[in-house]
$ cat work.txt   # compact mmCIF, C-alpha atoms (C1' of nucleotides)
# COMPACT_ATOMS: atom_id res chain seq x y z
CA MET A 1 -18.47 35.30 -2.79
CA ALA A 2 -18.01 32.26 -0.59
CA ALA A 3 -21.04 30.48 -1.90
CA GLY A 4 -21.78 26.87 -1.13
CA ARG A 5 -21.59 24.77 1.98
CA PRO A 6 -18.64 25.74 4.15
CA ARG A 7 -16.02 23.23 5.15
CA GLU A 8 -16.35 21.49 8.45
CA LEU A 9 -13.82 23.44 10.51
CA ALA A 10 -12.99 20.66 12.92
CA THR A 11 -12.23 18.19 10.14
CA ASP A 12 -8.77 19.53 9.31
CA GLY A 13 -7.64 19.11 12.89
CA ARG A 14 -9.16 15.65 13.21
CA ILE A 15 -7.33 14.48 10.09
CA LEU A 16 -4.01 16.02 11.11
CA THR A 17 -4.25 14.52 14.56
CA ALA A 18 -5.08 11.06 13.26
CA ALA A 19 -2.35 11.26 10.63
CA GLY A 20 0.20 12.46 13.15
CA ALA A 21 -0.55 9.61 15.51
CA LEU A 22 -0.34 7.04 12.71
CA LEU A 23 2.86 8.58 11.41
CA VAL A 24 4.48 8.17 14.80
CA GLU A 25 3.07 4.65 15.21
CA ARG A 26 3.94 3.20 11.83
CA GLY A 27 6.18 5.61 9.96
CA TYR A 28 5.71 7.07 6.53
CA ALA A 29 5.41 3.87 4.53
CA GLY A 30 3.07 2.30 7.06
CA LEU A 31 0.69 5.24 7.11
CA SER A 32 -2.44 4.41 5.13
CA ILE A 33 -4.86 7.07 3.97
CA ASP A 34 -7.84 4.77 4.44
CA GLU A 35 -6.89 4.30 8.06
CA VAL A 36 -6.37 8.01 8.64
CA ALA A 37 -9.87 8.61 7.29
CA ILE A 38 -11.36 5.91 9.50
CA ARG A 39 -9.62 7.22 12.62
CA ALA A 40 -10.61 10.77 11.85
CA GLY A 41 -14.17 9.59 11.27
CA ILE A 42 -14.46 11.16 7.83
CA ALA A 43 -14.68 9.95 4.24
CA LYS A 44 -11.54 9.50 2.20
CA THR A 45 -12.87 11.91 -0.40
CA THR A 46 -13.09 14.62 2.25
CA LEU A 47 -9.44 14.12 3.06
CA TYR A 48 -8.42 14.28 -0.59
CA ARG A 49 -10.35 17.51 -0.98
CA ARG A 50 -7.89 19.06 1.47
CA TRP A 51 -4.58 17.36 0.63
CA PRO A 52 -4.14 15.91 -2.84
CA THR A 53 -1.57 13.25 -1.91
CA LYS A 54 -0.24 11.43 1.10
CA ALA A 55 2.96 13.46 0.85
CA HIS A 56 1.09 16.76 1.05
CA LEU A 57 -0.75 15.52 4.11
CA VAL A 58 2.45 14.44 5.81
CA VAL A 59 4.12 17.76 5.12
CA ALA A 60 1.12 19.46 6.74
CA VAL A 61 1.45 17.21 9.77
CA ILE A 62 5.13 18.05 10.10
CA THR A 63 4.48 21.75 9.67
CA VAL A 64 2.12 21.61 12.63
CA LEU A 65 4.49 19.45 14.67
CA GLN A 66 7.58 21.56 14.23
CA GLY A 67 5.53 24.66 14.92
CA GLY A 68 7.81 27.39 16.09
CA ALA A 69 11.14 25.64 16.35
CA PRO A 70 13.42 28.07 18.18
CA MET A 71 16.28 29.65 16.24
CA PRO A 72 19.61 30.00 18.01
CA ASP A 73 20.58 33.56 18.90
CA THR A 74 23.65 33.89 21.06
CA GLY A 75 24.88 37.03 19.36
CA ASP A 76 27.83 35.17 17.88
CA PRO A 77 26.98 34.33 14.25
CA VAL A 78 29.51 31.49 14.02
CA GLN A 79 28.24 29.84 17.17
CA ASP A 80 24.67 30.34 15.99
CA LEU A 81 25.48 28.58 12.74
CA VAL A 82 26.96 25.66 14.63
CA GLU A 83 23.85 25.41 16.77
CA LEU A 84 21.62 25.73 13.72
CA ALA A 85 23.40 22.74 12.21
CA ALA A 86 22.93 20.81 15.43
CA GLY A 87 19.23 21.65 15.37
CA ILE A 88 18.85 20.43 11.80
CA ALA A 89 20.66 17.22 12.69
CA GLU A 90 18.34 16.66 15.62
CA ALA A 91 15.27 17.32 13.48
CA LEU A 92 16.46 14.87 10.82
CA ARG A 93 17.35 12.26 13.40
CA ALA A 94 13.96 12.57 15.03
CA ALA A 95 12.15 12.36 11.69
CA GLY A 96 14.06 9.25 10.67
CA ALA A 97 15.30 7.98 7.35
CA GLY A 98 11.97 6.50 6.25
CA LEU A 99 10.08 9.75 6.59
CA VAL A 100 12.76 11.94 5.03
CA ALA A 101 13.25 9.49 2.18
CA GLY A 102 9.51 9.32 1.59
CA LEU A 103 9.27 13.07 1.26
CA VAL A 104 12.37 13.22 -0.91
CA VAL A 105 10.93 10.77 -3.40
CA ALA A 106 7.58 12.56 -3.39
CA ALA A 107 9.33 15.88 -3.96
CA ALA A 108 11.28 14.40 -6.84
CA GLU A 109 8.04 13.37 -8.55
CA ASP A 110 5.83 16.34 -7.75
CA PRO A 111 6.97 20.00 -7.83
CA THR A 112 4.16 21.11 -5.55
CA VAL A 113 5.42 18.73 -2.88
CA ARG A 114 8.93 20.04 -3.41
CA GLU A 115 7.62 23.54 -2.83
CA GLN A 116 5.90 22.52 0.41
CA VAL A 117 8.97 20.70 1.71
CA ASP A 118 11.09 23.69 0.76
CA ALA A 119 8.83 25.96 2.75
CA LEU A 120 9.41 23.74 5.75
CA TRP A 121 13.08 24.75 5.77
CA ARG A 122 12.85 28.23 4.33
CA GLY A 123 13.00 29.92 7.71
CA ARG A 124 16.14 28.15 8.79
CA ARG A 125 17.76 28.69 5.41
CA GLU A 126 17.13 32.42 5.60
CA VAL A 127 18.48 32.63 9.12
CA ALA A 128 21.57 30.72 8.03
CA ALA A 129 22.15 33.02 5.07
CA GLY A 130 21.89 36.04 7.34
CA LEU A 131 24.31 34.56 9.85
CA LEU A 132 26.82 33.76 7.12
CA ARG A 133 26.63 37.33 5.88
CA ARG A 134 27.15 38.71 9.36
CA ALA A 135 30.04 36.37 10.04
CA ALA A 136 31.70 37.34 6.77
CA ASP A 137 31.19 41.05 7.42
CA ALA A 138 32.77 40.63 10.84
CA GLY A 139 35.74 38.88 9.24
CA ARG A 140 34.98 35.71 11.18
CA ILE A 141 34.95 33.47 8.11
CA SER A 142 36.86 33.65 4.88
CA GLU A 143 35.23 34.87 1.68
CA THR A 144 37.02 32.35 -0.50
CA VAL A 145 34.15 29.90 -0.25
CA ASP A 146 30.73 30.80 -1.64
CA HIS A 147 28.00 31.01 1.00
CA GLY A 148 25.75 28.61 -0.89
CA VAL A 149 28.51 26.06 -1.14
CA ARG A 150 29.24 26.45 2.55
CA LEU A 151 25.64 25.61 3.40
CA ASP A 152 25.78 22.58 1.09
CA LEU A 153 28.89 21.47 2.93
CA ILE A 154 27.29 21.81 6.34
CA VAL A 155 23.90 20.26 5.60
CA GLY A 156 24.75 17.84 2.78
CA PRO A 157 26.69 15.39 4.94
CA LEU A 158 23.74 15.13 7.35
CA TYR A 159 21.33 14.05 4.62
CA TYR A 160 23.98 11.81 3.12
CA ARG A 161 24.53 9.91 6.32
CA LEU A 162 20.83 9.65 7.09
CA LEU A 163 19.69 8.59 3.64
CA VAL A 164 22.65 6.90 2.01
CA THR A 165 25.19 5.48 4.40
CA GLY A 166 22.85 4.93 7.33
CA ASP A 167 25.52 6.22 9.72
CA PRO A 168 24.15 7.86 12.85
CA ILE A 169 23.72 11.61 12.68
CA ASP A 170 23.83 13.29 16.02
CA PRO A 171 24.12 16.95 16.97
CA GLU A 172 27.75 16.52 17.97
CA TYR A 173 28.69 15.29 14.50
CA ALA A 174 26.81 18.21 12.96
CA ARG A 175 28.64 20.67 15.21
CA ALA A 176 32.01 19.21 14.29
CA VAL A 177 31.26 19.41 10.57
CA ALA A 178 29.92 22.95 10.87
CA ARG A 179 32.96 24.13 12.83
CA ALA A 180 35.31 22.58 10.30
CA VAL A 181 33.48 24.08 7.34
CA LEU A 182 33.26 27.51 8.92
CA ALA A 183 37.01 27.41 9.57
CA MET A 184 37.72 26.84 5.88
CA MET B 1 22.64 -31.77 -6.25
CA ALA B 2 20.97 -29.22 -8.50
CA ALA B 3 17.81 -31.20 -8.89
CA GLY B 4 14.75 -29.87 -10.63
CA ARG B 5 14.18 -28.00 -13.81
CA PRO B 6 16.95 -25.52 -14.54
CA ARG B 7 16.27 -21.85 -15.01
CA GLU B 8 15.87 -20.53 -18.52
CA LEU B 9 19.26 -18.91 -19.06
CA ALA B 10 18.12 -16.29 -21.54
CA THR B 11 15.35 -15.05 -19.26
CA ASP B 12 17.57 -12.97 -16.96
CA GLY B 13 18.94 -11.02 -19.88
CA ARG B 14 15.54 -10.51 -21.46
CA ILE B 15 14.17 -9.10 -18.21
CA LEU B 16 17.15 -6.83 -17.60
CA THR B 17 17.02 -5.52 -21.15
CA ALA B 18 13.31 -4.79 -20.98
CA ALA B 19 13.64 -3.19 -17.55
CA GLY B 20 16.58 -1.07 -18.66
CA ALA B 21 14.69 0.23 -21.67
CA LEU B 22 11.62 1.06 -19.59
CA LEU B 23 13.76 2.69 -16.92
CA VAL B 24 15.26 5.02 -19.50
CA GLU B 25 11.87 5.66 -21.12
CA ARG B 26 9.80 6.36 -18.06
CA GLY B 27 12.05 6.64 -15.02
CA TYR B 28 11.89 4.73 -11.78
CA ALA B 29 8.35 5.62 -10.75
CA GLY B 30 6.99 4.98 -14.24
CA LEU B 31 8.54 1.55 -14.52
CA SER B 32 5.86 -1.09 -14.04
CA ILE B 33 6.72 -4.70 -13.31
CA ASP B 34 3.77 -5.96 -15.29
CA GLU B 35 5.02 -4.13 -18.34
CA VAL B 36 8.57 -5.41 -17.91
CA ALA B 37 7.19 -8.94 -17.83
CA ILE B 38 5.10 -8.37 -20.94
CA ARG B 39 8.00 -6.85 -22.86
CA ALA B 40 10.33 -9.63 -21.79
CA GLY B 41 7.71 -12.17 -22.80
CA ILE B 42 7.68 -13.95 -19.45
CA ALA B 43 5.29 -14.35 -16.53
CA LYS B 44 5.47 -11.93 -13.62
CA THR B 45 6.06 -14.83 -11.25
CA THR B 46 9.18 -15.75 -13.16
CA LEU B 47 10.51 -12.25 -12.68
CA TYR B 48 9.77 -12.29 -8.97
CA ARG B 49 11.57 -15.62 -8.62
CA ARG B 50 14.75 -13.77 -9.63
CA TRP B 51 14.34 -10.33 -8.03
CA PRO B 52 12.08 -10.02 -5.01
CA THR B 53 11.19 -6.33 -5.49
CA LYS B 54 11.25 -3.64 -8.10
CA ALA B 55 14.16 -2.00 -6.30
CA HIS B 56 16.26 -5.18 -6.46
CA LEU B 57 15.56 -5.41 -10.17
CA VAL B 58 16.53 -1.79 -10.79
CA VAL B 59 19.77 -2.21 -8.85
CA ALA B 60 20.56 -5.19 -11.05
CA VAL B 61 19.90 -3.12 -14.15
CA ILE B 62 22.19 -0.36 -12.93
CA THR B 63 24.91 -2.82 -12.01
CA VAL B 64 24.89 -4.06 -15.58
CA LEU B 65 24.76 -0.55 -17.02
CA GLN B 66 27.61 0.93 -15.02
CA GLY B 67 29.68 -2.18 -15.75
CA GLY B 68 33.34 -1.33 -15.37
CA ALA B 69 33.27 2.39 -14.74
CA PRO B 70 36.89 3.52 -14.99
CA MET B 71 38.67 4.71 -11.85
CA PRO B 72 40.94 7.74 -12.15
CA ASP B 73 44.65 7.01 -11.82
CA THR B 74 46.93 9.93 -12.56
CA GLY B 75 49.46 9.03 -9.90
CA ASP B 76 48.50 12.09 -7.85
CA PRO B 77 46.13 10.97 -5.07
CA VAL B 78 44.65 14.43 -4.55
CA GLN B 79 43.91 14.89 -8.22
CA ASP B 80 42.50 11.37 -8.38
CA LEU B 81 40.14 12.19 -5.52
CA VAL B 82 38.94 15.30 -7.31
CA GLU B 83 38.27 13.29 -10.46
CA LEU B 84 36.56 10.57 -8.45
CA ALA B 85 34.20 13.20 -7.07
CA ALA B 86 33.56 14.48 -10.59
CA GLY B 87 32.78 10.93 -11.73
CA ILE B 88 30.31 10.40 -8.89
CA ALA B 89 28.64 13.71 -9.72
CA GLU B 90 28.32 12.70 -13.35
CA ALA B 91 26.87 9.29 -12.39
CA LEU B 92 24.31 10.90 -10.08
CA ARG B 93 23.40 13.52 -12.65
CA ALA B 94 22.90 10.86 -15.31
CA ALA B 95 20.78 8.72 -13.00
CA GLY B 96 18.56 11.62 -12.05
CA ALA B 97 16.78 12.54 -8.86
CA GLY B 98 13.82 10.22 -9.38
CA LEU B 99 15.92 7.11 -9.70
CA VAL B 100 18.28 7.93 -6.85
CA ALA B 101 15.38 8.91 -4.60
CA GLY B 102 13.53 5.71 -5.44
CA LEU B 103 16.49 3.60 -4.46
CA VAL B 104 17.10 5.64 -1.33
CA VAL B 105 13.56 5.08 -0.11
CA ALA B 106 13.73 1.38 -0.96
CA ALA B 107 17.02 1.09 0.89
CA ALA B 108 15.51 2.82 3.91
CA GLU B 109 12.75 0.21 4.06
CA ASP B 110 14.68 -2.94 3.16
CA PRO B 111 18.17 -3.80 4.42
CA THR B 112 18.81 -6.20 1.55
CA VAL B 113 18.25 -3.36 -0.91
CA ARG B 114 20.54 -1.16 1.13
CA GLU B 115 23.21 -3.86 0.88
CA GLN B 116 22.82 -4.07 -2.92
CA VAL B 117 22.97 -0.31 -3.35
CA ASP B 118 25.98 -0.21 -1.08
CA ALA B 119 27.71 -2.78 -3.23
CA LEU B 120 27.17 -0.52 -6.22
CA TRP B 121 29.46 2.08 -4.66
CA ARG B 122 31.79 -0.16 -2.69
CA GLY B 123 34.52 -0.10 -5.33
CA ARG B 124 34.65 3.66 -5.52
CA ARG B 125 34.53 4.00 -1.75
CA GLU B 126 37.49 1.67 -1.32
CA VAL B 127 39.47 3.49 -3.96
CA ALA B 128 38.68 6.78 -2.25
CA ALA B 129 39.76 5.47 1.14
CA GLY B 130 43.05 4.28 -0.34
CA LEU B 131 43.67 7.61 -2.04
CA LEU B 132 42.99 9.49 1.18
CA ARG B 133 45.48 7.31 3.01
CA ARG B 134 48.13 7.85 0.36
CA ALA B 135 47.51 11.59 0.31
CA ALA B 136 47.81 11.77 4.08
CA ASP B 137 50.98 9.67 4.11
CA ALA B 138 52.48 11.98 1.51
CA GLY B 139 51.61 14.97 3.66
CA ARG B 140 49.33 16.34 0.94
CA ILE B 141 46.30 16.70 3.23
CA SER B 142 46.04 17.48 6.90
CA GLU B 143 45.27 14.80 9.46
CA THR B 144 43.07 17.05 11.54
CA VAL B 145 39.96 15.91 9.72
CA ASP B 146 38.84 12.28 9.90
CA HIS B 147 38.90 10.46 6.56
CA GLY B 148 35.29 9.33 6.91
CA VAL B 149 34.16 12.87 7.60
CA ARG B 150 36.13 14.11 4.62
CA LEU B 151 34.29 11.70 2.35
CA ASP B 152 30.95 12.78 3.81
CA LEU B 153 31.92 16.36 3.06
CA ILE B 154 32.82 15.61 -0.54
CA VAL B 155 29.89 13.35 -1.46
CA GLY B 156 27.18 14.64 0.87
CA PRO B 157 26.66 17.95 -0.91
CA LEU B 158 26.16 16.14 -4.22
CA TYR B 159 23.30 14.04 -2.88
CA TYR B 160 21.92 17.03 -1.03
CA ARG B 161 21.70 19.14 -4.15
CA LEU B 162 20.29 16.32 -6.26
CA LEU B 163 17.68 15.12 -3.78
CA VAL B 164 16.84 18.07 -1.59
CA THR B 165 17.53 21.45 -3.13
CA GLY B 166 17.21 20.40 -6.76
CA ASP B 167 20.21 22.54 -7.68
CA PRO B 168 22.20 21.28 -10.66
CA ILE B 169 25.10 19.04 -9.82
CA ASP B 170 27.80 19.06 -12.43
CA PRO B 171 31.36 17.71 -12.37
CA GLU B 172 32.79 21.21 -12.03
CA TYR B 173 30.85 21.82 -8.83
CA ALA B 174 32.01 18.46 -7.49
CA ARG B 175 35.62 19.28 -8.31
CA ALA B 176 35.39 22.64 -6.55
CA VAL B 177 33.91 21.06 -3.43
CA ALA B 178 36.47 18.27 -3.42
CA ARG B 179 39.39 20.68 -3.79
CA ALA B 180 38.08 22.86 -0.98
CA VAL B 181 37.55 19.91 1.34
CA LEU B 182 40.94 18.40 0.58
CA ALA B 183 42.57 21.73 1.36
CA MET B 184 41.01 21.77 4.84
C1' DT C 1 11.15 -45.85 -16.13
C1' DC C 2 9.65 -43.38 -12.18
C1' DA C 3 9.87 -40.18 -8.28
C1' DA C 4 11.42 -36.00 -6.27
C1' DT C 5 12.49 -31.46 -7.26
C1' DT C 6 12.49 -27.11 -9.25
C1' DA C 7 10.96 -23.76 -13.06
C1' DC C 8 7.40 -21.79 -15.77
C1' DG C 9 3.00 -19.56 -17.04
C1' DA C 10 -1.74 -18.28 -16.13
C1' DA C 11 -4.86 -16.49 -13.24
C1' DA C 12 -6.92 -14.80 -9.23
C1' DC C 13 -6.09 -12.23 -5.24
C1' DT C 14 -4.53 -8.50 -1.52
C1' DG C 15 -3.50 -3.89 -0.05
C1' DA C 16 -2.93 0.72 -0.84
C1' DA C 17 -3.04 5.41 -3.45
C1' DG C 18 -5.79 8.00 -5.89
C1' DT C 19 -10.16 8.91 -9.01
C1' DA C 20 -15.08 9.10 -10.33
C1' DT C 21 -19.96 9.07 -9.46
C1' DC C 22 -23.88 10.26 -7.04
C1' DG C 23 -27.20 11.36 -3.64
C1' DT C 24 -27.58 14.47 0.15
C1' DA C 25 -26.58 18.52 3.25
C1' DA C 26 -25.56 23.34 4.13
C1' DT C 27 -24.71 27.97 2.77
C1' DG C 28 -25.56 32.60 0.25
C1' DG C 29 -27.94 35.47 -3.14
C1' DG C 30 -32.03 36.78 -5.56
C1' DC D 1 -38.45 30.46 -0.78
C1' DC D 2 -35.69 28.69 -4.47
C1' DC D 3 -31.45 28.16 -6.91
C1' DA D 4 -26.61 27.89 -7.68
C1' DT D 5 -22.69 26.41 -5.38
C1' DT D 6 -19.82 23.85 -2.60
C1' DA D 7 -19.04 20.09 1.06
C1' DC D 8 -19.79 15.53 2.63
C1' DG D 9 -20.18 10.47 2.70
C1' DA D 10 -20.67 6.10 0.40
C1' DT D 11 -19.30 3.18 -3.01
C1' DA D 12 -17.11 1.46 -6.86
C1' DC D 13 -13.27 1.71 -9.68
C1' DT D 14 -8.21 1.87 -11.62
C1' DT D 15 -3.39 0.94 -11.19
C1' DC D 16 0.43 -1.16 -9.44
C1' DA D 17 3.48 -4.02 -6.29
C1' DG D 18 3.67 -8.23 -4.56
C1' DT D 19 1.49 -13.05 -3.23
C1' DT D 20 -0.84 -17.39 -3.85
C1' DT D 21 -2.43 -21.32 -6.27
C1' DC D 22 -2.22 -24.70 -9.58
C1' DG D 23 -1.38 -27.27 -13.65
C1' DT D 24 2.47 -28.35 -16.57
C1' DA D 25 7.40 -28.85 -18.12
C1' DA D 26 12.24 -30.11 -17.51
C1' DT D 27 15.88 -32.01 -14.92
C1' DT D 28 18.50 -35.52 -11.67
C1' DG D 29 18.94 -39.67 -9.26
C1' DA D 30 17.51 -44.24 -8.21

$ encode --input "work.txt" --output "structure tokens"
Amino acid sequence: MAAGRPRELATDGRILTAAGALLVERGYAGLSIDEVAIRAGIAKTTLYRRWPTKAHLVVAVITVLQGGAPMPDTGDPVQDLVELAAGIAEALRAAGAGLVAGLVVAAAEDPTVREQVDALWRGRREVAAGLLRRAADAGRISETVDHGVRLDLIVGPLYYRLLVTGDPIDPEYARAVARAVLAM
Amino acid sequence: MAAGRPRELATDGRILTAAGALLVERGYAGLSIDEVAIRAGIAKTTLYRRWPTKAHLVVAVITVLQGGAPMPDTGDPVQDLVELAAGIAEALRAAGAGLVAGLVVAAAEDPTVREQVDALWRGRREVAAGLLRRAADAGRISETVDHGVRLDLIVGPLYYRLLVTGDPIDPEYARAVARAVLAM
DNA sequence: TCAATTACGAAACTGAAGTATCGTAATGGG
DNA sequence: CCCATTACGATACTTCAGTTTCGTAATTGA
């Protein structure tokens, strides 16, 4: 197998680098595919052969950028959950409303984008689920609230403030919400 | 004052009707301004003289549609808050992720859209704030949690599920969340 | 009646996402 | 060496939001 001309290996990196720089410079809405292609020194068709939409490309850029974001591990599951919430808040704040909203609308229209965006958070979600289980087993949190609902309660307000109300979302707010929800 | 040719009074309604029908038929992303203008039998420029962007137009359509949505009033502020949450969940569910996401992204890019979308919810927010105050005065909810945070906790998860996780959001879920948060 | 002012419609235009076509380049298998 | 296969670049194209221009219509005020 593997017939045909192989892909230019360096091209992926050139595109991601150019897109990342433009994303930082002009935000999601201001990022133009034509300009990414020009900066990367490749044809637009070559870019579209790798990522079928702007949203897919941006998710790839973010995946590279976030790389191995460290997961909290203090040994105390409740404290780890609080720090996890703070980390998510910081990531959302750094990304900004425009970028998050852009990906949300793309995910709403295209299931494959939704899948990619999901994958971006899968690690943290799994860690959170594990921490909740450990905390419940240790009797540190009550079992009267479903674990899924508890996560919605911790993370939902962050997205809500960022996307809907426009209120600032800082790690301290996230910690306060997480502590309150975990005390329920 | 009021010099110059007056606006065609019927035109606003014709545009809103056409836009509303198309919005229901094809959703936010599928709604094309050109087609609204054709269906309404007017020139695109006439439409843009009234609403400067697609998002402004859609907000106007929704404002008409939601009209006088009834506010709960059972006399019990806690129960009213739970029903208010259920009503918001139902409104979001009916609107759908595509529409809500479209408006969110437009609001993120344009402060005047944000203001219009805000106005759409202002009534409910004020009612909610009043109910929270009454409930607190009556000693029905604790004062340890800020009222603003409590609202974030009740509404945030609804948006989060609709826009981010894609989980179903039904009135029963909203009621459960609201009850849990009000018991904090 | 006439001038200023504003609305309307028609049409062309801009910018950006994404598609389609086509000639050319590089690889592997026979 | 040749052929099938895939990648690449160039270019033109489609769609849609939003703008610009311009000729024409309706109104008020003098």

$ atom_distance --input "work.txt" --atom1 "CA of Gly20 (chain B)" --atom2 "CA of Val61 (chain B)"
6.0 Å

$ closest_atom_pairs --input "work.txt" --of "chain A" --to "chain C" --cutoff "10 Å" --atoms "all atoms listed in the file" --output "tab-separated table"
residue	atom	partner	partner_atom	distance
A:Met1	CA	C:DG28	C1'	8.2
A:Ala2	CA	C:DG28	C1'	7.6
A:Ala3	CA	C:DG28	C1'	5.4
A:Gly4	CA	C:DT27	C1'	5.0
A:Arg5	CA	C:DT27	C1'	4.5
A:Pro6	CA	C:DT27	C1'	6.6
A:Arg7	CA	C:DA26	C1'	9.6
A:Leu31	CA	C:DA16	C1'	9.8
A:Ser32	CA	C:DA16	C1'	7.0
A:Ile33	CA	C:DA17	C1'	7.8
A:Asp34	CA	C:DA16	C1'	8.3
A:Thr45	CA	C:DT19	C1'	9.5
A:Tyr48	CA	C:DG18	C1'	8.6
A:Pro52	CA	C:DG18	C1'	8.6
A:Thr53	CA	C:DG18	C1'	7.8
A:Lys54	CA	C:DA17	C1'	8.0

$ interface_residues --input "work.txt" --of "chain A" --to "chain B" --cutoff "7 Å" --atoms "only C-alpha atoms" --output "number ranges by chain"
A: 97-98, 101-102, 104-105, 108-109, 152-153, 156-157, 159-160, 163-164, 184

$ closest_atom_pairs --input "work.txt" --of "region 24-140 of chain A" --to "region 8-14 of chain D" --cutoff "9 Å" --atoms "all atoms listed in the file" --output "Markdown table"
| residue | atom | partner | partner_atom | distance |
| --- | --- | --- | --- | --- |
| A:Ile42 | CA | D:DG9 | C1' | 7.7 |
| A:Ala43 | CA | D:DG9 | C1' | 5.7 |
| A:Lys44 | CA | D:DG9 | C1' | 8.7 |
| A:Thr45 | CA | D:DG9 | C1' | 8.1 |
| A:Thr46 | CA | D:DC8 | C1' | 6.8 |

$ write_last_selection --input "work.txt" --atoms "C-alpha atoms" --output "mmCIF file, in the frame of the given file"
data_model
loop_
_atom_site.group_PDB
_atom_site.id
_atom_site.type_symbol
_atom_site.label_atom_id
_atom_site.label_comp_id
_atom_site.auth_asym_id
_atom_site.auth_seq_id
_atom_site.Cartn_x
_atom_site.Cartn_y
_atom_site.Cartn_z
ATOM 1 C CA ILE A 42 -14.460 11.160 7.830
ATOM 2 C CA ALA A 43 -14.680 9.950 4.240
ATOM 3 C CA LYS A 44 -11.540 9.500 2.200
ATOM 4 C CA THR A 45 -12.870 11.910 -0.400
ATOM 5 C CA THR A 46 -13.090 14.620 2.250
#

$ closest_atom_pairs --input "work.txt" --of "chain D" --to "chain A" --cutoff "6 Å" --atoms "only C-alpha atoms (C1' of nucleotides)" --output "tab-separated table"
residue	atom	partner	partner_atom	distance
D:DT5	C1'	A:Gly4	CA	4.4
D:DT6	C1'	A:Gly4	CA	3.9
D:DA7	C1'	A:Arg5	CA	5.4
D:DG9	C1'	A:Ala43	CA	5.7

$ atom_distance --input "work.txt" --atom1 "CA of Glu126 (chain A)" --atom2 "CA of Thr63 (chain A)"
17.0 Å

$ residues_around --input "work.txt" --residues "Val59 (chain B)" --least-positions-apart "6" --cutoff "10 Å" --atoms "only C-alpha atoms (C1' of nucleotides)" --output "PyMOL selection string"
chain B and resi 51+65+103+113+116-117+119-120

$ atom_distance --input "work.txt" --atom1 "CA of Arg39 (chain A)" --atom2 "CA of Leu23 (chain A)"
12.6 Å

$ closest_residue --input "work.txt" --among "B:Ala18, B:Leu182, B:Ala40, B:Leu9" --to "Gln79 (chain B)" --atoms "all atoms listed in the file"
B:Leu182

$ residues_near_point --input "work.txt" --point "(23.9, 36.4, 13.2)" --cutoff "9 Å" --atoms "only C-alpha atoms (C1' of nucleotides)" --output "PyMOL selection string"
chain A and resi 73-81+127-135

$ closest_residue --input "work.txt" --among "A:Val24, A:Arg50, A:Pro168, A:Arg124" --to "Pro72 (chain A)" --atoms "all atoms listed in the file"
A:Arg124

$ closest_residue --input "work.txt" --among "A:His56, A:Arg140, A:His147, A:Arg14" --to "Thr112 (chain A)" --atoms "only C-alpha atoms"
A:His56
